[in-house]
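S.K.: Quick one, coords-v3.cif (mmCIF, C-alpha atoms):
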data_start
#
loop_
_atom_site.label_atom_id
_atom_site.label_comp_id
_atom_site.auth_asym_id
_atom_site.auth_seq_id
_atom_site.Cartn_x
_atom_site.Cartn_y
_atom_site.Cartn_z
CA GLN A 14 -43.83 -31.52 -30.02
CA GLN A 15 -43.96 -34.57 -27.81
CA GLN A 16 -40.43 -35.44 -26.80
CA VAL A 17 -41.23 -38.68 -25.00
CA LYS A 18 -43.70 -41.12 -26.53
CA GLN A 19 -45.33 -43.50 -24.07
CA SER A 20 -47.36 -46.62 -24.77
CA PRO A 21 -49.79 -48.15 -24.19
CA GLN A 22 -52.31 -45.55 -23.12
CA SER A 23 -54.04 -48.05 -20.85
CA LEU A 24 -53.29 -51.55 -19.65
CA ILE A 25 -55.24 -54.21 -17.79
CA VAL A 26 -53.46 -57.19 -16.25
CA GLN A 27 -54.34 -59.98 -13.87
CA LYS A 28 -52.88 -60.00 -10.39
CA GLY A 29 -49.42 -61.57 -10.52
CA GLY A 30 -48.89 -60.54 -14.14
CA ILE A 31 -46.02 -58.42 -15.43
CA PRO A 32 -47.24 -55.21 -17.03
CA ILE A 33 -44.72 -53.49 -19.30
CA ILE A 34 -44.90 -49.81 -20.19
CA ASN A 35 -42.70 -48.47 -22.95
CA CYS A 36 -41.26 -45.06 -23.72
CA ALA A 37 -39.28 -43.81 -26.69
CA TYR A 38 -37.36 -40.60 -27.21
CA GLU A 39 -35.45 -38.80 -29.94
CA ASN A 40 -33.29 -36.34 -28.04
CA THR A 41 -29.96 -38.05 -27.45
CA ALA A 42 -29.03 -35.33 -24.97
CA PHE A 43 -31.46 -36.79 -22.42
CA ASP A 44 -29.48 -38.18 -19.51
CA TYR A 45 -32.05 -38.79 -16.78
CA PHE A 46 -35.10 -41.01 -17.11
CA PRO A 47 -37.48 -41.19 -14.15
CA TRP A 48 -40.83 -42.93 -13.80
CA TYR A 49 -43.59 -41.36 -11.75
CA GLN A 50 -46.63 -43.09 -10.26
CA GLN A 51 -49.89 -41.25 -9.70
CA PHE A 52 -52.88 -42.50 -7.73
CA PRO A 53 -56.30 -40.89 -8.19
CA GLY A 54 -56.57 -37.61 -6.34
CA LYS A 55 -52.85 -37.46 -5.68
CA GLY A 56 -49.89 -35.84 -7.36
CA PRO A 57 -47.31 -37.97 -9.16
CA ALA A 58 -44.54 -39.43 -7.03
CA LEU A 59 -41.11 -40.62 -8.12
CA LEU A 60 -41.04 -44.39 -8.44
CA ILE A 61 -37.66 -45.19 -9.94
CA ALA A 62 -35.10 -43.50 -12.18
CA ILE A 63 -32.21 -44.48 -14.41
CA ARG A 64 -29.30 -42.84 -16.19
CA PRO A 65 -28.04 -44.06 -19.59
CA ASP A 66 -24.83 -45.53 -18.23
CA VAL A 67 -26.71 -48.63 -17.02
CA SER A 68 -29.07 -50.93 -18.91
CA GLU A 69 -31.26 -52.00 -16.02
CA LYS A 70 -32.23 -50.88 -12.55
CA LYS A 71 -34.37 -52.72 -10.02
CA GLU A 72 -36.11 -51.42 -6.96
CA GLY A 73 -38.30 -53.99 -5.33
CA ARG A 74 -40.84 -55.23 -7.86
CA PHE A 75 -40.14 -52.38 -10.27
CA THR A 76 -37.50 -52.60 -13.00
CA ILE A 77 -36.41 -50.11 -15.62
CA SER A 78 -34.84 -51.51 -18.77
CA PHE A 79 -32.89 -49.03 -20.86
CA ASN A 80 -31.81 -49.45 -24.48
CA LYS A 81 -29.62 -46.53 -25.43
CA SER A 82 -29.12 -47.51 -29.07
CA ALA A 83 -32.86 -47.89 -29.64
CA LYS A 84 -33.60 -44.77 -27.56
CA GLN A 85 -36.18 -46.67 -25.59
CA PHE A 86 -36.80 -47.46 -21.95
CA SER A 87 -39.47 -49.45 -20.23
CA LEU A 88 -40.97 -50.14 -16.83
CA HIS A 89 -41.72 -53.69 -15.71
CA ILE A 90 -43.77 -54.46 -12.62
CA MET A 91 -43.14 -57.95 -11.29
CA ASP A 92 -45.91 -59.85 -9.47
CA SER A 93 -48.33 -56.94 -9.97
CA GLN A 94 -50.91 -56.27 -7.28
CA PRO A 95 -54.25 -54.43 -7.28
CA GLY A 96 -52.51 -51.72 -5.23
CA ASP A 97 -50.30 -51.02 -8.25
CA SER A 98 -53.33 -49.74 -10.14
CA ALA A 99 -52.36 -46.17 -10.98
CA THR A 100 -51.25 -43.95 -13.82
CA TYR A 101 -47.58 -44.21 -14.70
CA PHE A 102 -45.59 -41.49 -16.41
CA CYS A 103 -42.17 -41.79 -17.95
CA ALA A 104 -40.08 -38.64 -18.20
CA ALA A 105 -36.72 -37.40 -19.38
CA SER A 106 -34.45 -34.42 -18.99
CA THR A 107 -31.18 -33.08 -20.33
CA PRO A 108 -28.27 -31.87 -18.23
CA GLY A 109 -28.53 -28.46 -16.69
CA ASN A 110 -31.56 -26.50 -15.67
CA THR A 111 -34.07 -27.77 -18.21
CA PRO A 112 -37.58 -28.96 -17.49
CA LEU A 113 -38.52 -32.55 -17.00
CA VAL A 114 -40.64 -33.63 -19.98
CA PHE A 115 -43.28 -36.27 -19.42
CA GLY A 116 -44.95 -38.90 -21.54
CA LYS A 117 -48.73 -38.84 -21.75
CA GLY A 118 -49.16 -41.54 -19.15
CA THR A 119 -50.38 -45.14 -18.93
CA ARG A 120 -53.37 -46.05 -16.84
CA LEU A 121 -52.72 -49.46 -15.32
CA SER A 122 -55.44 -51.60 -13.80
CA VAL A 123 -54.48 -54.77 -11.96
CA ILE A 124 -57.49 -56.99 -11.42
CA ALA A 125 -57.67 -59.75 -8.82
CA LYS B 8 -41.76 -33.05 7.02
CA ALA B 9 -44.71 -31.36 5.33
CA GLY B 10 -45.18 -31.99 1.63
CA VAL B 11 -46.04 -29.59 -1.15
CA THR B 12 -49.26 -27.76 -0.38
CA GLN B 13 -51.50 -26.39 -3.09
CA THR B 14 -54.53 -24.18 -2.60
CA PRO B 15 -57.30 -24.15 -3.47
CA ARG B 16 -57.82 -27.82 -4.26
CA TYR B 17 -60.91 -27.22 -6.36
CA LEU B 18 -62.35 -24.19 -8.03
CA ILE B 19 -64.93 -23.32 -10.63
CA LYS B 20 -64.66 -20.23 -12.79
CA THR B 21 -66.43 -18.88 -15.84
CA ARG B 22 -64.90 -17.90 -19.15
CA GLY B 23 -63.17 -14.56 -19.09
CA GLN B 24 -62.42 -14.61 -15.38
CA GLN B 25 -58.97 -14.93 -13.91
CA VAL B 26 -57.63 -17.30 -11.29
CA THR B 27 -54.67 -17.42 -8.93
CA LEU B 28 -53.32 -20.69 -7.60
CA SER B 29 -50.91 -20.99 -4.71
CA CYS B 30 -48.12 -23.44 -3.93
CA SER B 31 -46.05 -23.85 -0.79
CA PRO B 32 -43.01 -26.03 -1.47
CA ILE B 33 -41.30 -28.38 0.93
CA SER B 34 -39.25 -26.44 3.45
CA GLY B 35 -35.77 -25.82 2.06
CA HIS B 36 -36.73 -26.42 -1.55
CA ARG B 37 -35.91 -23.47 -3.75
CA SER B 38 -37.19 -24.69 -7.10
CA VAL B 39 -40.89 -24.68 -7.90
CA SER B 40 -42.29 -25.98 -11.18
CA TRP B 41 -45.83 -25.85 -12.47
CA TYR B 42 -47.46 -28.41 -14.75
CA GLN B 43 -50.86 -28.64 -16.39
CA GLN B 44 -52.38 -32.11 -16.44
CA THR B 45 -55.20 -33.01 -18.81
CA PRO B 46 -56.48 -36.47 -19.79
CA GLY B 47 -55.33 -36.21 -23.37
CA GLN B 48 -52.02 -34.42 -22.99
CA GLY B 49 -50.53 -35.75 -19.79
CA LEU B 50 -48.25 -33.38 -17.90
CA GLN B 51 -47.37 -30.19 -19.74
CA PHE B 52 -44.67 -27.93 -18.33
CA LEU B 53 -45.76 -24.37 -17.61
CA PHE B 54 -42.82 -22.70 -15.89
CA GLU B 55 -40.20 -23.07 -13.21
CA TYR B 56 -38.97 -20.64 -10.61
CA PHE B 57 -35.76 -20.74 -8.67
CA SER B 58 -34.87 -18.14 -6.05
CA GLU B 59 -37.65 -15.81 -7.25
CA THR B 60 -36.47 -15.93 -10.88
CA GLN B 61 -38.26 -17.64 -13.73
CA ARG B 62 -35.73 -20.10 -15.03
CA ASN B 63 -37.76 -21.88 -17.69
CA LYS B 64 -41.06 -21.37 -19.46
CA GLY B 65 -43.16 -23.82 -21.44
CA ASN B 66 -45.19 -23.24 -24.58
CA PHE B 67 -48.23 -21.62 -23.05
CA PRO B 68 -49.79 -18.27 -23.96
CA GLY B 69 -49.02 -15.14 -22.01
CA ARG B 70 -52.30 -15.51 -20.13
CA PHE B 71 -50.41 -17.93 -17.93
CA SER B 72 -48.01 -16.27 -15.55
CA GLY B 73 -46.35 -16.97 -12.26
CA ARG B 74 -44.11 -15.66 -9.60
CA GLN B 75 -42.13 -16.82 -6.61
CA PHE B 76 -41.71 -15.07 -3.31
CA SER B 77 -38.65 -14.82 -1.10
CA ASN B 78 -39.93 -17.69 1.07
CA SER B 79 -40.07 -19.89 -2.09
CA ARG B 80 -43.87 -19.95 -2.13
CA SER B 81 -45.18 -19.59 -5.65
CA GLU B 82 -48.34 -18.46 -7.35
CA MET B 83 -49.58 -18.92 -10.86
CA ASN B 84 -52.20 -16.80 -12.51
CA VAL B 85 -54.37 -17.47 -15.52
CA SER B 86 -56.18 -14.49 -16.99
CA THR B 87 -59.09 -14.40 -19.41
CA LEU B 88 -59.97 -18.03 -18.75
CA GLU B 89 -60.99 -20.26 -21.63
CA LEU B 90 -62.88 -23.56 -21.54
CA GLY B 91 -59.68 -25.36 -22.54
CA ASP B 92 -57.94 -24.18 -19.37
CA SER B 93 -59.93 -26.71 -17.38
CA ALA B 94 -57.29 -29.00 -15.95
CA LEU B 95 -55.43 -30.16 -12.89
CA TYR B 96 -52.62 -27.75 -12.14
CA LEU B 97 -49.73 -29.39 -10.35
CA CYS B 98 -46.95 -27.72 -8.47
CA ALA B 99 -43.70 -29.53 -7.78
CA SER B 100 -40.73 -28.54 -5.71
CA SER B 101 -37.18 -29.75 -5.67
CA LEU B 102 -34.11 -29.03 -3.64
CA LEU B 103 -31.88 -27.87 -6.45
CA SER B 104 -31.89 -28.57 -10.16
CA ARG B 105 -34.80 -30.64 -11.41
CA SER B 106 -32.76 -32.49 -13.94
CA THR B 107 -30.69 -34.21 -11.31
CA GLY B 108 -33.12 -34.51 -8.47
CA GLU B 109 -36.54 -35.67 -7.55
CA LEU B 110 -39.65 -33.60 -8.14
CA PHE B 111 -42.09 -33.60 -5.24
CA PHE B 112 -45.61 -32.90 -6.41
CA GLY B 113 -48.55 -31.47 -4.55
CA GLU B 114 -52.04 -32.91 -4.97
CA GLY B 115 -52.97 -30.21 -7.45
CA SER B 116 -55.60 -27.57 -7.95
CA ARG B 117 -58.45 -28.75 -10.13
CA LEU B 118 -59.81 -25.88 -12.20
CA THR B 119 -63.10 -26.12 -14.03
CA VAL B 120 -63.98 -23.34 -16.46
CA LEU B 121 -67.65 -23.06 -17.41
#
Starting from the file, give its structure as structure tokens.

M.R.:
Amino acid sequence: QQQVKQSPQSLIVQKGGIPIINCAYENTAFDYFPWYQQFPGKGPALLIAIRPDVSEKKEGRFTISFNKSAKQFSLHIMDSQPGDSATYFCAASTPGNTPLVFGKGTRLSVIA
Amino acid sequence: KAGVTQTPRYLIKTRGQQVTLSCSPISGHRSVSWYQQTPGQGLQFLFEYFSETQRNKGNFPGRFSGRQFSNSRSEMNVSTLELGDSALYLCASSLLSRSTGELFFGEGSRLTVL
């Protein structure tokens, strides 16, 4: 059972565009929502994370928008660059010692 | 500060064989998690160890097993390999509880089963 549904599966944008990746969940006990970035040949690395007590969090060009009532959260990349081309995973976890569950990933290509 | 180290990086096995993968976490990290990554399924949780005890286990058959040593290094073993076990196996370490902290991933061990 997939607990976090991520879309789209792949995304191509022009340099300077704003790619948006969406994730939806059902488990209202989730209280931690990170995004991981993975480059080819590398392991995923934490990009940015949010908790449900805020609706938005920005770190540089990366923004998470969180809609608790809709049980959705999304990643926006402002002024995207070819170096942002990677696979992005959303994830979620509940309080306590439970595993982080990941979405299936979005392969982003930013073309010049 | 050294990152998470996984060995071997690449390996090829045939059906029915077994394989052992190794993970050395970041110094001081006591939690080690293992994930299977495949193109169609993303990252699937295998198990997590904390202070030599398995704390969580994912929905994988008993052919998949693991352990953690007193120095926090971890190994996972897959017995009676099947073609569908071909995947990138990722190890991640964290300082304390994964749900509140950052997971630091290694570069993975890519297993091909022929």

S.K.: For this structure, which residues satisfy the selection - the PyMOL selection byres ((chain A) within 8 of (chain B)) - when it is evaluated on the file as given? I want them as JSON, numbers by chain.

M.R.: {"A": [45, 54, 55, 56, 57, 58, 59, 106, 107, 108, 109, 110, 111, 112, 113, 114, 115, 116, 117, 118]}

S.K.: Suppose a student applies the PyMOL selection byres ((chain A and resi 24-33) around 8) to this structure; what residues should they get, written as a ChimeraX atom specification?

M.R.: /A:21-23,34-35,87-95,119-125

S.K.: Excluding Cys103 in chain A and its own-chain neighbours fewer than 5 positions away, which residues fall within 8 Å of it when counting only C-alpha atoms? Please give them as a PyMOL selection string.

M.R.: chain A and resi 17+19+36+46-49+115-116+118

S.K.: Just to be explicit: take each residue in the selection above, keep C-alpha atoms, and write the result as a PDB file, keeping the file's coordinate frame.

M.R.:
ATOM      1  CA  VAL A  17     -41.230 -38.680 -25.000  1.00  0.00           C
ATOM      2  CA  GLN A  19     -45.330 -43.500 -24.070  1.00  0.00           C
ATOM      3  CA  CYS A  36     -41.260 -45.060 -23.720  1.00  0.00           C
ATOM      4  CA  PHE A  46     -35.100 -41.010 -17.110  1.00  0.00           C
ATOM      5  CA  PRO A  47     -37.480 -41.190 -14.150  1.00  0.00           C
ATOM      6  CA  TRP A  48     -40.830 -42.930 -13.800  1.00  0.00           C
ATOM      7  CA  TYR A  49     -43.590 -41.360 -11.750  1.00  0.00           C
ATOM      8  CA  PHE A 115     -43.280 -36.270 -19.420  1.00  0.00           C
ATOM      9  CA  GLY A 116     -44.950 -38.900 -21.540  1.00  0.00           C
ATOM     10  CA  GLY A 118     -49.160 -41.540 -19.150  1.00  0.00           C
TER      11      GLY A 118
END

S.K.: Got a sec: who's within 9 Å of Asn80 in chain A, counting only C-alpha atoms, leaving out chain neighbours fewer than 6 positions off, as an NGL selection string?

M.R.: :A and (65 or 68-69 or 86-87)

S.K.: Which one is closest to Ser79 in chain B: B:Gly91, B:Pro15, B:Gly10, B:Pro32? Count only C-alpha atoms.

M.R.: B:Pro32

S.K.: Within 9 Å of (-33.9, -17.5, -7.6) (file coordinates; all atoms listed in the file), which protein or nucleic acid residues are there? I'd like them as a list in words.

M.R.: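 Selection result: Arg37, Ser38, Tyr56, Phe57, Ser58, Glu59, Thr60, Gln61, Arg62, Gln75, Ser77 and Ser79 of chain B.
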
S.K.: Step by step, work through what the PyMOL selection byres ((chain B and resi 92) around 8) selects in the shown file, and finish by giving those residues as a PyMOL selection string.

M.R.: chain B and resi 88-91+93-94+118-120

S.K.: Convert the current residue selection to file output with C-alpha atoms, as a PDB file, keeping the file's coordinate frame.

M.R.:
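Printed below is part.pdb as written:
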ATOM      1  CA  LEU B  88     -59.970 -18.030 -18.750  1.00  0.00           C
ATOM      2  CA  GLU B  89     -60.990 -20.260 -21.630  1.00  0.00           C
ATOM      3  CA  LEU B  90     -62.880 -23.560 -21.540  1.00  0.00           C
ATOM      4  CA  GLY B  91     -59.680 -25.360 -22.540  1.00  0.00           C
ATOM      5  CA  SER B  93     -59.930 -26.710 -17.380  1.00  0.00           C
ATOM      6  CA  ALA B  94     -57.290 -29.000 -15.950  1.00  0.00           C
ATOM      7  CA  LEU B 118     -59.810 -25.880 -12.200  1.00  0.00           C
ATOM      8  CA  THR B 119     -63.100 -26.120 -14.030  1.00  0.00           C
ATOM      9  CA  VAL B 120     -63.980 -23.340 -16.460  1.00  0.00           C
TER      10      VAL B 120
END

S.K.: Work out how far CA of Asn84 in chain B is from CA of Thr12 in chain B, in Å to one decimal.

M.R.: 16.6 Å

S.K.: Between CA of Gln25 in chain B and CA of Gly69 in chain B, what is the spacing in Å?

M.R.: 12.8 Å

S.K.: Any idea what the distance is between CA of Ala9 in chain B and CA of Asp97 in chain A?

M.R.: 24.5 Å

S.K.: Between A:Ile77, A:Asp66, A:Ser20, A:Lys84, which one has atoms that come closest to Glu39 in chain A, using all atoms listed in the file?

M.R.: A:Lys84
